[in-house]
Each structure stands twice: as structure tokens, then as C-alpha cells.
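**Q** You'll find target.pdb just under this line, and it carries PDB, C-alpha atoms.
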```pdb
ATOM      1  CA  MET A 358      75.729  25.203 -86.437
ATOM      2  CA  SER A 359      74.600  26.777 -83.149
ATOM      3  CA  LYS A 360      73.027  24.584 -80.505
ATOM      4  CA  LYS A 361      69.283  24.763 -79.879
ATOM      5  CA  TYR A 362      68.272  25.372 -76.277
ATOM      6  CA  LEU A 363      64.977  24.677 -74.523
ATOM      7  CA  SER A 364      63.650  26.449 -71.463
ATOM      8  CA  THR A 365      62.742  24.099 -68.626
ATOM      9  CA  THR A 366      59.049  24.671 -69.402
ATOM     10  CA  ALA A 367      59.622  23.859 -73.080
ATOM     11  CA  LEU A 368      61.636  20.823 -71.993
ATOM     12  CA  SER A 369      58.706  19.617 -69.859
ATOM     13  CA  LYS A 370      56.410  19.815 -72.892
ATOM     14  CA  GLU A 371      58.898  17.861 -75.000
ATOM     15  CA  ILE A 372      58.964  14.958 -72.541
ATOM     16  CA  GLN A 373      55.245  15.344 -71.667
ATOM     17  CA  LEU A 374      55.811  15.826 -67.955
ATOM     18  CA  PRO A 375      54.605  18.693 -65.740
ATOM     19  CA  ALA A 376      57.208  21.422 -65.274
ATOM     20  CA  LYS A 377      56.876  20.960 -61.510
ATOM     21  CA  GLU A 378      57.982  17.326 -61.859
ATOM     22  CA  VAL A 379      60.866  18.276 -64.180
ATOM     23  CA  PHE A 380      62.198  20.805 -61.667
ATOM     24  CA  LYS A 381      61.858  18.111 -58.994
ATOM     25  CA  LEU A 382      64.019  15.713 -61.016
ATOM     26  CA  LEU A 383      66.586  18.426 -61.745
ATOM     27  CA  SER A 384      66.691  19.471 -58.103
ATOM     28  CA  GLU A 385      67.075  15.898 -56.802
ATOM     29  CA  SER A 386      69.934  15.432 -59.287
ATOM     30  CA  GLY A 387      71.670  18.589 -58.045
ATOM     31  CA  LEU A 388      71.404  20.467 -61.348
ATOM     32  CA  VAL A 389      69.288  23.306 -59.985
ATOM     33  CA  ILE A 390      68.626  24.755 -56.571
ATOM     34  CA  ARG A 391      65.697  26.724 -55.188
ATOM     35  CA  GLU A 392      66.720  30.042 -53.612
ATOM     36  CA  GLU A 393      63.913  32.237 -52.320
ATOM     37  CA  ASP A 394      61.386  32.292 -55.202
ATOM     38  CA  ASN A 395      63.804  31.441 -58.011
ATOM     39  CA  TRP A 396      65.439  28.372 -59.488
ATOM     40  CA  ASN A 397      69.201  28.800 -59.950
ATOM     41  CA  LEU A 398      71.620  26.721 -62.015
ATOM     42  CA  THR A 399      74.328  24.835 -60.075
ATOM     43  CA  ASP A 400      77.868  24.054 -61.263
ATOM     44  CA  LYS A 401      76.712  20.479 -61.870
ATOM     45  CA  GLY A 402      73.880  21.842 -63.976
ATOM     46  CA  LYS A 403      76.361  23.856 -66.052
ATOM     47  CA  GLU A 404      78.405  20.699 -66.603
ATOM     48  CA  LYS A 405      75.231  19.097 -67.977
ATOM     49  CA  GLY A 406      74.959  21.886 -70.533
ATOM     50  CA  GLY A 407      72.551  24.168 -68.694
ATOM     51  CA  ILE A 408      72.827  27.905 -69.305
ATOM     52  CA  VAL A 409      71.085  31.031 -68.064
ATOM     53  CA  LYS A 410      69.268  33.060 -70.703
ATOM     54  CA  SER A 411      67.350  36.307 -70.576
ATOM     55  CA  HIS A 412      63.931  37.267 -71.937
ATOM     56  CA  PRO A 413      62.731  40.908 -72.149
ATOM     57  CA  LYS A 414      59.334  39.984 -70.695
ATOM     58  CA  PHE A 415      59.978  37.048 -68.346
ATOM     59  CA  GLY A 416      63.515  37.897 -67.221
ATOM     60  CA  THR A 417      66.226  35.281 -66.706
ATOM     61  CA  TYR A 418      65.553  31.566 -66.982
ATOM     62  CA  ILE A 419      67.412  28.271 -67.184
ATOM     63  CA  ALA A 420      67.723  26.609 -70.587
ATOM     64  CA  TRP A 421      69.033  23.217 -71.640
ATOM     65  CA  CYS A 422      70.635  21.873 -74.781
ATOM     66  CA  GLU A 423      67.950  20.094 -76.829
ATOM     67  CA  ASP A 424      69.805  16.763 -76.538
ATOM     68  CA  PHE A 425      69.363  16.924 -72.761
ATOM     69  CA  LYS A 426      65.737  15.753 -73.139
ATOM     70  CA  ASN A 427      67.121  12.230 -73.691
ATOM     71  CA  ASP A 428      69.306  12.293 -70.557
ATOM     72  CA  SER A 429      68.817   9.483 -68.028
ATOM     73  CA  ILE A 430      68.198  12.092 -65.320
ATOM     74  CA  LEU A 431      64.854  12.818 -66.918
ATOM     75  CA  LYS A 432      63.705   9.210 -66.900
ATOM     76  CA  THR A 433      60.487   9.042 -64.931
ATOM     77  CA  GLU A 434      60.406   5.424 -63.749
ATOM     78  CA  ASN A 435      60.823   6.589 -60.164
ATOM     79  CA  LEU A 436      57.939   9.028 -60.336
ATOM     80  CA  SER A 437      54.794   7.320 -59.063
ATOM     81  CA  PRO A 438      52.475   7.782 -60.728
ATOM     82  CA  LYS A 439      53.604   9.581 -63.873
ATOM     83  CA  LEU A 440      51.043  12.283 -64.428
ATOM     84  CA  LEU A 441      49.732  12.971 -67.902
ATOM     85  CA  THR A 442      49.570  16.431 -69.412
ATOM     86  CA  SER A 443      46.463  17.340 -71.399
ATOM     87  CA  THR A 444      48.611  16.997 -74.543
ATOM     88  CA  ALA A 445      49.541  13.423 -73.589
ATOM     89  CA  LEU A 446      45.903  12.668 -72.759
ATOM     90  CA  GLY A 447      44.783  13.989 -76.140
ATOM     91  CA  SER A 448      47.515  12.018 -77.894
ATOM     92  CA  HIS A 449      46.286   8.810 -76.239
ATOM     93  CA  PHE A 450      42.724   9.332 -77.474
ATOM     94  CA  GLY A 451      43.779  10.706 -80.863
ATOM     95  CA  ILE A 452      42.445  14.200 -80.159
ATOM     96  CA  SER A 453      44.174  17.475 -81.035
ATOM     97  CA  LYS A 454      45.917  19.258 -78.166
ATOM     98  CA  PHE A 455      43.825  22.301 -79.041
ATOM     99  CA  ARG A 456      40.545  20.400 -78.537
ATOM    100  CA  ILE A 457      41.284  18.252 -75.495
ATOM    101  CA  ASN A 458      40.885  20.927 -72.792
ATOM    102  CA  PRO A 459      37.573  22.254 -74.208
ATOM    103  CA  ILE A 460      36.331  18.650 -74.288
ATOM    104  CA  LEU A 461      37.401  18.043 -70.683
ATOM    105  CA  SER A 462      35.641  21.294 -69.794
ATOM    106  CA  GLU A 463      32.418  20.181 -71.509
ATOM    107  CA  LEU A 464      32.585  16.964 -69.476
ATOM    108  CA  GLY A 465      32.854  19.046 -66.301
ATOM    109  CA  LEU A 466      36.377  17.902 -65.358
ATOM    110  CA  ILE A 467      38.012  21.331 -65.701
ATOM    111  CA  GLN A 468      36.867  24.915 -66.101
ATOM    112  CA  LYS A 469      38.469  27.914 -67.743
ATOM    113  CA  GLY A 470      40.061  30.423 -65.414
ATOM    114  CA  VAL A 471      40.972  34.034 -66.169
ATOM    115  CA  LYS A 472      43.977  32.374 -67.773
ATOM    116  CA  GLY A 473      44.609  28.656 -68.087
ATOM    117  CA  TRP A 474      42.504  25.791 -66.714
ATOM    118  CA  LEU A 475      41.284  24.854 -63.241
ATOM    119  CA  VAL A 476      40.391  21.364 -62.038
ATOM    120  CA  THR A 477      36.802  20.876 -60.814
ATOM    121  CA  PRO A 478      35.662  18.645 -57.909
ATOM    122  CA  LEU A 479      34.652  15.992 -60.451
ATOM    123  CA  GLY A 480      38.036  16.381 -62.147
ATOM    124  CA  LYS A 481      39.782  15.693 -58.836
ATOM    125  CA  LEU A 482      37.714  12.532 -58.412
ATOM    126  CA  MET A 483      38.876  11.495 -61.894
ATOM    127  CA  GLY A 484      42.542  11.966 -60.928
ATOM    128  CA  GLY A 485      43.151  15.572 -61.944
ATOM    129  CA  GLU A 486      45.834  17.595 -60.135
ATOM    130  CA  GLN A 487      46.311  21.356 -60.275
ATOM    131  CA  PHE A 488      49.643  22.931 -61.285
ATOM    132  CA  GLU A 489      50.854  26.300 -62.489
ATOM    133  CA  TYR A 490      53.746  27.447 -64.654
ATOM    134  CA  ASP A 491      56.583  28.867 -62.565
ATOM    135  CA  LYS A 492      57.305  31.866 -64.760
ATOM    136  CA  THR A 493      53.766  32.973 -65.582
ATOM    137  CA  GLY A 494      51.628  31.508 -62.797
ATOM    138  CA  ILE A 495      49.138  30.291 -65.430
ATOM    139  CA  PRO A 496      47.269  27.236 -64.058
ATOM    140  CA  TYR A 497      47.014  23.891 -65.819
ATOM    141  CA  VAL A 498      45.838  20.381 -64.940
ATOM    142  CA  CYS A 499      47.571  17.004 -65.180
ATOM    143  CA  TRP A 500      45.977  13.584 -64.860
ATOM    144  CA  ASN A 501      46.589  10.321 -63.081
ATOM    145  CA  PRO A 502      47.017   7.567 -65.711
ATOM    146  CA  GLY A 503      43.996   5.857 -64.177
ATOM    147  CA  ILE A 504      41.781   8.242 -66.152
ATOM    148  CA  LEU A 505      42.668   6.287 -69.307
ATOM    149  CA  SER A 506      40.707   3.266 -68.036
ATOM    150  CA  LYS A 507      37.591   5.164 -66.899
ATOM    151  CA  LYS A 508      34.673   3.806 -68.942
ATOM    152  CA  SER A 509      32.841   7.128 -68.771
ATOM    153  CA  ILE A 510      35.852   8.951 -70.250
ATOM    154  CA  ILE A 511      36.517   6.311 -72.911
ATOM    155  CA  ASN A 512      32.889   6.348 -74.071
ATOM    156  CA  SER A 513      32.718  10.152 -74.066
ATOM    157  CA  MET A 514      35.879  10.428 -76.170
ATOM    158  CA  LYS A 515      34.492   7.879 -78.645
ATOM    159  CA  GLU A 516      31.190   9.750 -78.935
ATOM    160  CA  ILE A 517      32.947  13.077 -79.476
ATOM    161  CA  GLN A 518      34.955  11.531 -82.327
ATOM    162  CA  GLY A 519      31.807  10.079 -83.902
ATOM    163  CA  GLU A 520      32.485   6.479 -82.913
ATOM    164  CA  ALA A 521      29.312   4.617 -81.958
ATOM    165  CA  SER A 522      29.486   2.830 -78.622
ATOM    166  CA  THR A 523      26.927   0.442 -77.208
ATOM    167  CA  GLU A 524      28.718   0.117 -73.892
ATOM    168  CA  GLY A 525      26.817   1.690 -71.042
ATOM    169  CA  LYS A 526      23.668   2.453 -73.059
ATOM    170  CA  PRO A 527      20.532   2.454 -70.921
ATOM    171  CA  GLU A 528      18.917  -0.211 -73.099
ATOM    172  CA  ASN A 529      21.347  -2.732 -71.578
ATOM    173  CA  ASN A 530      19.836  -2.094 -68.161
ATOM    174  CA  GLN A 531      16.698  -4.160 -67.621
ATOM    175  CA  SER A 532      15.227  -1.768 -65.049
ATOM    176  CA  ASN A 533      15.529   1.139 -67.486
ATOM    177  CA  MET A 534      14.436  -0.964 -70.422
ATOM    178  CA  GLY A 535      10.782  -1.147 -69.339
ATOM    179  CA  PHE A 536      10.641   2.579 -68.611
ATOM    180  CA  ARG A 537      12.041   3.523 -72.008
ATOM    181  CA  GLU A 538       9.865   1.072 -73.875
ATOM    182  CA  LYS A 539       6.781   2.371 -72.085
ATOM    183  CA  PHE A 540       7.698   5.996 -72.804
ATOM    184  CA  GLU A 541       9.297   5.822 -76.244
ATOM    185  CA  ALA A 542      10.840   9.035 -77.572
ATOM    186  CA  LYS A 543       8.345   9.960 -80.290
ATOM    187  CA  LEU A 544       7.735  13.673 -79.735
ATOM    188  CA  ARG A 545       9.859  15.883 -81.992
ATOM    189  CA  THR A 546      11.021  19.210 -80.567
ATOM    190  CA  ALA A 547      11.694  22.458 -82.420
ATOM    191  CA  ASP A 548      15.423  21.701 -82.653
ATOM    192  CA  GLY A 549      14.969  18.113 -83.825
ATOM    193  CA  HIS A 550      15.344  16.200 -80.551
ATOM    194  CA  TYR A 551      12.932  13.317 -79.925
ATOM    195  CA  VAL A 552      11.651  13.311 -76.342
ATOM    196  CA  ARG A 553       9.340  11.112 -74.299
ATOM    197  CA  SER A 554       6.755  13.476 -72.857
ATOM    198  CA  ARG A 555       4.995  16.763 -73.499
ATOM    199  CA  ALA A 556       6.763  18.251 -70.466
ATOM    200  CA  GLU A 557      10.198  17.358 -71.894
ATOM    201  CA  MET A 558       9.152  18.839 -75.234
ATOM    202  CA  LEU A 559       8.144  22.116 -73.533
ATOM    203  CA  ILE A 560      11.466  22.277 -71.644
ATOM    204  CA  ASP A 561      13.477  21.507 -74.789
ATOM    205  CA  ASN A 562      11.591  24.094 -76.846
ATOM    206  CA  TRP A 563      11.985  26.691 -74.091
ATOM    207  CA  LEU A 564      15.758  26.170 -74.008
ATOM    208  CA  TYR A 565      16.010  26.262 -77.806
ATOM    209  CA  MET A 566      13.961  29.449 -78.141
ATOM    210  CA  SER A 567      16.087  31.010 -75.385
ATOM    211  CA  GLU A 568      19.209  30.164 -77.447
ATOM    212  CA  ILE A 569      20.623  27.988 -74.680
ATOM    213  CA  VAL A 570      22.729  25.110 -75.999
ATOM    214  CA  HIS A 571      21.586  21.828 -74.496
ATOM    215  CA  ALA A 572      21.794  18.054 -74.872
ATOM    216  CA  PHE A 573      18.943  15.616 -74.270
ATOM    217  CA  GLU A 574      19.546  12.391 -72.331
ATOM    218  CA  ARG A 575      23.291  12.922 -72.020
ATOM    219  CA  LYS A 576      25.110  10.266 -69.984
ATOM    220  CA  LEU A 577      26.662  11.655 -66.835
ATOM    221  CA  PRO A 578      30.498  11.589 -67.030
ATOM    222  CA  VAL A 579      30.744   9.122 -64.142
ATOM    223  CA  GLU A 580      31.131   5.362 -63.850
ATOM    224  CA  GLU A 581      27.500   4.859 -62.785
ATOM    225  CA  ASP A 582      25.071   4.156 -65.635
ATOM    226  CA  VAL A 583      22.962   7.320 -65.328
ATOM    227  CA  TYR A 584      21.457   9.615 -67.951
ATOM    228  CA  CYS A 585      20.166  13.118 -67.315
ATOM    229  CA  ASP A 586      17.087  14.650 -68.952
ATOM    230  CA  PHE A 587      18.965  17.756 -70.146
ATOM    231  CA  TYR A 588      22.541  19.017 -69.908
ATOM    232  CA  LEU A 589      23.651  22.632 -70.448
ATOM    233  CA  PRO A 590      27.402  22.907 -71.253
ATOM    234  CA  VAL A 591      27.364  26.583 -70.245
ATOM    235  CA  GLY A 592      27.332  26.470 -66.463
ATOM    236  CA  LYS A 593      27.671  22.654 -66.429
ATOM    237  CA  VAL A 594      24.028  22.381 -65.373
ATOM    238  CA  TYR A 595      21.823  19.293 -65.424
ATOM    239  CA  ILE A 596      18.022  19.474 -65.576
ATOM    240  CA  GLU A 597      15.744  16.710 -64.345
ATOM    241  CA  PHE A 598      11.969  16.663 -64.794
ATOM    242  CA  TRP A 599      10.217  14.480 -62.240
ATOM    243  CA  GLY A 600       6.850  13.525 -63.735
ATOM    244  CA  LEU A 601       5.674  10.218 -62.251
ATOM    245  CA  GLU A 602       5.562  10.980 -58.534
ATOM    246  CA  ASN A 603       2.797   8.387 -57.926
ATOM    247  CA  ASP A 604       4.879   5.506 -59.295
ATOM    248  CA  ASP A 605       6.885   3.743 -56.561
ATOM    249  CA  LYS A 606       9.554   2.390 -58.952
ATOM    250  CA  TYR A 607       9.935   5.837 -60.472
ATOM    251  CA  LYS A 608      10.325   7.455 -57.049
ATOM    252  CA  GLU A 609      12.999   4.891 -56.139
ATOM    253  CA  ARG A 610      14.840   5.628 -59.394
ATOM    254  CA  LYS A 611      14.527   9.354 -58.698
ATOM    255  CA  GLN A 612      16.158   9.057 -55.266
ATOM    256  CA  GLU A 613      19.033   7.005 -56.696
ATOM    257  CA  LYS A 614      19.706   9.672 -59.331
ATOM    258  CA  ILE A 615      19.571  12.504 -56.799
ATOM    259  CA  LYS A 616      22.147  10.703 -54.625
ATOM    260  CA  ILE A 617      24.505  10.473 -57.616
ATOM    261  CA  TYR A 618      24.084  14.173 -58.405
ATOM    262  CA  GLN A 619      24.896  14.962 -54.769
ATOM    263  CA  LYS A 620      27.831  12.532 -54.674
ATOM    264  CA  TYR A 621      29.635  14.345 -57.501
ATOM    265  CA  GLY A 622      28.476  17.847 -56.616
ATOM    266  CA  PHE A 623      26.778  18.418 -59.971
ATOM    267  CA  ASN A 624      24.727  21.550 -60.626
ATOM    268  CA  LEU A 625      21.151  20.275 -60.716
ATOM    269  CA  ILE A 626      17.856  21.962 -61.556
ATOM    270  CA  GLU A 627      14.760  19.957 -60.633
ATOM    271  CA  LEU A 628      11.406  20.594 -62.293
ATOM    272  CA  ASN A 629       7.953  19.170 -61.576
ATOM    273  CA  ASP A 630       4.504  19.414 -63.168
ATOM    274  CA  ASP A 631       3.705  22.751 -61.499
ATOM    275  CA  ASP A 632       6.974  24.233 -62.804
ATOM    276  CA  ILE A 633       6.095  23.214 -66.372
ATOM    277  CA  LYS A 634       2.979  25.410 -66.192
ATOM    278  CA  ASN A 635       5.174  28.421 -65.336
ATOM    279  CA  LEU A 636       8.459  27.833 -67.182
ATOM    280  CA  ASP A 637       8.822  31.505 -68.135
ATOM    281  CA  ASP A 638       8.859  32.449 -64.454
ATOM    282  CA  VAL A 639      10.518  29.399 -62.893
ATOM    283  CA  LEU A 640      13.355  28.393 -65.241
ATOM    284  CA  PRO A 641      15.074  31.804 -65.639
ATOM    285  CA  LYS A 642      15.370  32.111 -61.843
ATOM    286  CA  LYS A 643      16.768  28.612 -61.459
ATOM    287  CA  LEU A 644      19.245  29.141 -64.310
ATOM    288  CA  LEU A 645      20.418  32.473 -62.921
ATOM    289  CA  LYS A 646      21.609  30.715 -59.752
ATOM    290  CA  PHE A 647      24.228  29.028 -61.947
ATOM    291  CA  GLY A 648      25.172  32.170 -63.857
ATOM    292  CA  ILE A 649      23.024  31.493 -66.927
ATOM    293  CA  GLN A 650      20.973  34.457 -68.109
ATOM    294  CA  ALA A 651      18.039  33.443 -70.250
ATOM    295  CA  TYR A 652      16.822  36.849 -71.400
TER     296      TYR A 652
END
```
Write the structure described by the file as C-alpha cells, please.
**A**
Amino acid sequence: MSKKYLSTTALSKEIQLPAKEVFKLLSESGLVIREEDNWNLTDKGKEKGGIVKSHPKFGTYIAWCEDFKNDSILKTENLSPKLLTSTALGSHFGISKFRINPILSELGLIQKGVKGWLVTPLGKLMGGEQFEYDKTGIPYVCWNPGILSKKSIINSMKEIQGEASTEGKPENNQSNMGFREKFEAKLRTADGHYVRSRAEMLIDNWLYMSEIVHAFERKLPVEEDVYCDFYLPVGKVYIEFWGLENDDKYKERKQEKIKIYQKYGFNLIELNDDDIKNLDDVLPKKLLKFGIQAY
């Protein structure tokens, strides 16, 4: 029976470690050496069972016997911290490797490039690091293990999988409790959302009739307990309607929310009472600034 060989990239996927880190381990162990822009196999690497193979599209590359994935050289105890691939992240939360990156994108942690995935400013704050595959140059993102303990990420993953979570709900916050009791969500929009004011209903209906996917009162994917009025996955845009400008507590709450939007560099559209009277003129212009075409 012929031996099965894995390319170094395939090997990195098997042990759930970025290819860049695998090459680092191999290089530090003297199995490969970097010469100009290529990795070359050393005599020590050949003794470990490494061979050079050829591919009609990608050219020559180093491959390893499948059993090599269990070699002590590839133990990662000395790597601090061990970064998680998106596959490992998905495995931890019980989410398919095909769904995890789109979910991270919806949360605003990564964005799709021409090929592959790019980390966003928020993603960097959450421990994301940018890498690219040596052979193809296709970008991908790995994560600091600390992301596994982020409450915002844990709750988002639970919600996406249909698991109810009471942690972090605004009703637990006494300052928000009075506001939400006073303005209960009783108005039903065209797409079935229940909102708290006529202005929110007009915004929701406008987005729905413009065929723009949106969420109402989505929690921001940060550790602070903050909910937006509307969130648009396309463009990663948040919309806030400021309607109680004469209320001192409301104005204080408004300023706190704005600071959080600025802290994380979120795309924010702000609307007031005058804007509601002219949504057809105002909202398309504001959306276009973030690459969203309404008509």
C-alpha cells in the first residue's frame, strides 16, 4: 500500500494550526529552510519523511507522510498563544466550517475579500490576526483563544443556533428597563417586527419595501450591553433614530451609545425627526456612503 502524503498546507488544516505557524515549527526544527521566496526541504527534513512533489498549477511543494502530523515537532505547547483557525472556532461552538466565516462576517469581525477573508478593525479588537496561504496568497484569519470567552461572541453563537439566552438582555439593566416599559414594542411593521414608535415603524417599512435586509434591536457584537435600533448586514451599517431630544436621561444615553459606536469604528447612520419626514430623500444618500444602493 502506497503512503499518503499531505502538503504543508493540508498538514496545517489537519492539526488546526495556521500554515505560517507550521512552517515556523518546521523551520525552527531544521526541516525546511527559506531561500528567497520559497521553502526548501533540508536533509533533516528528508530524514523525517518529507518529499518534494509537483503540481501542474501550483508548481513544486513540500509534502509529508500522513503519520508526520503526530510528530512531537508539531506539538504547539511552545507557541503562545495557539491561534485558532476558523474551522477550530466553528468546531468549538458546534458550527459547520462552511457557516462559521459567514457568521463572523455578519457580526462584523471579518469581511470577504476578492478571495478569502479579511479581518476588520473590530475583528482585531476581538483577537483576529491576518494570514495568507503561501502558495496562493489567499487571505484568511485566525483567532486568539480569548475570543472563546467573549460574552458577546458566546451569546451571538447561541442565538444563531436558536438557543435562547437571557444573558445580556436589556431588561436586566434597570436604566433601560424604564425606557422599554414606557415605550413598549406594540407597533407591527410590514415585515412582522414589533417596534416602539411610529418613526421606527416608518424606517422599518422603508427598509423592507426597499428590499434591504435588516434586524431590529440587534445587540452590538461587543462586551458593552448596547442594542442598536436597526442593523443592516450588507455594509455592516447600524441605524439609530434619536427621538427624545428634550429628555435629559435620553440625551445622556444617546451620548454613551455614540461613544461606543466611535470606539469600535462602526458604520453609523443617525436619523432625527426631520429626517423621518423626508426618508425617501435622506436615507438613500446616507446608505450610499456605505455602498448600499436603495433604488
**Q** Compute the distance from (63.8, 12.5, -69.8) to each atom, counting all atoms listed in the file, keep the residues with any atom at most 6 Å away, and return them as a PDB file with C-alpha atoms, in the frame of the given file; use the coordinates of the file.
**A**
```pdb
ATOM      1  CA  LYS A 426      65.737  15.753 -73.139  1.00  0.00           C
ATOM      2  CA  ASN A 427      67.121  12.230 -73.691  1.00  0.00           C
ATOM      3  CA  ASP A 428      69.306  12.293 -70.557  1.00  0.00           C
ATOM      4  CA  LEU A 431      64.854  12.818 -66.918  1.00  0.00           C
ATOM      5  CA  LYS A 432      63.705   9.210 -66.900  1.00  0.00           C
TER       6      LYS A 432
END
```
**Q** Using the chain letters and numbers from the file, give me the residues hit by the PyMOL selection byres ((chain A and resi 410) around 10), as a PDB file with C-alpha atoms, in the coordinates of the input.
**A**
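What follows is the written file selection14.pdb:
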```
ATOM      1  CA  TYR A 362      68.272  25.372 -76.277  1.00  0.00           C
ATOM      2  CA  SER A 364      63.650  26.449 -71.463  1.00  0.00           C
ATOM      3  CA  GLY A 407      72.551  24.168 -68.694  1.00  0.00           C
ATOM      4  CA  ILE A 408      72.827  27.905 -69.305  1.00  0.00           C
ATOM      5  CA  VAL A 409      71.085  31.031 -68.064  1.00  0.00           C
ATOM      6  CA  SER A 411      67.350  36.307 -70.576  1.00  0.00           C
ATOM      7  CA  HIS A 412      63.931  37.267 -71.937  1.00  0.00           C
ATOM      8  CA  GLY A 416      63.515  37.897 -67.221  1.00  0.00           C
ATOM      9  CA  THR A 417      66.226  35.281 -66.706  1.00  0.00           C
ATOM     10  CA  TYR A 418      65.553  31.566 -66.982  1.00  0.00           C
ATOM     11  CA  ILE A 419      67.412  28.271 -67.184  1.00  0.00           C
ATOM     12  CA  ALA A 420      67.723  26.609 -70.587  1.00  0.00           C
ATOM     13  CA  TRP A 421      69.033  23.217 -71.640  1.00  0.00           C
TER      14      TRP A 421
END
```
**Q** Between A:Leu482, A:His449, A:Tyr490, A:Ile467, single out the one closest to Ala376 (chain A), counting only C-alpha atoms.
**A** A:Tyr490
**Q** Identify which of the residues A:Glu392, A:Glu574, A:Glu520, A:Glu463 lies closest to Val591 (chain A), counting only C-alpha atoms when measuring atom-to-atom distances.
**A**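 Looking only at the distances to Val591 (chain A), the closest residue turns out to be A:Glu463.
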**Q** Under the rule that only C-alpha atoms are counted, which of A:Asp638, A:Glu613, A:Glu371, A:Asp632 is the nearest residue to Thr442 (chain A)?
**A**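 Checking each of A:Asp638, A:Glu613, A:Glu371, A:Asp632 against Thr442 (chain A), counting only C-alpha atoms, the winner is A:Glu371.
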**Q** Mind giving me the straight-line distance from CA of Arg553 (chain A) to CA of Leu577 (chain A) in Å, one decimal?
**A**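 CA of Arg553 (chain A) sits 18.9 Å away from CA of Leu577 (chain A).
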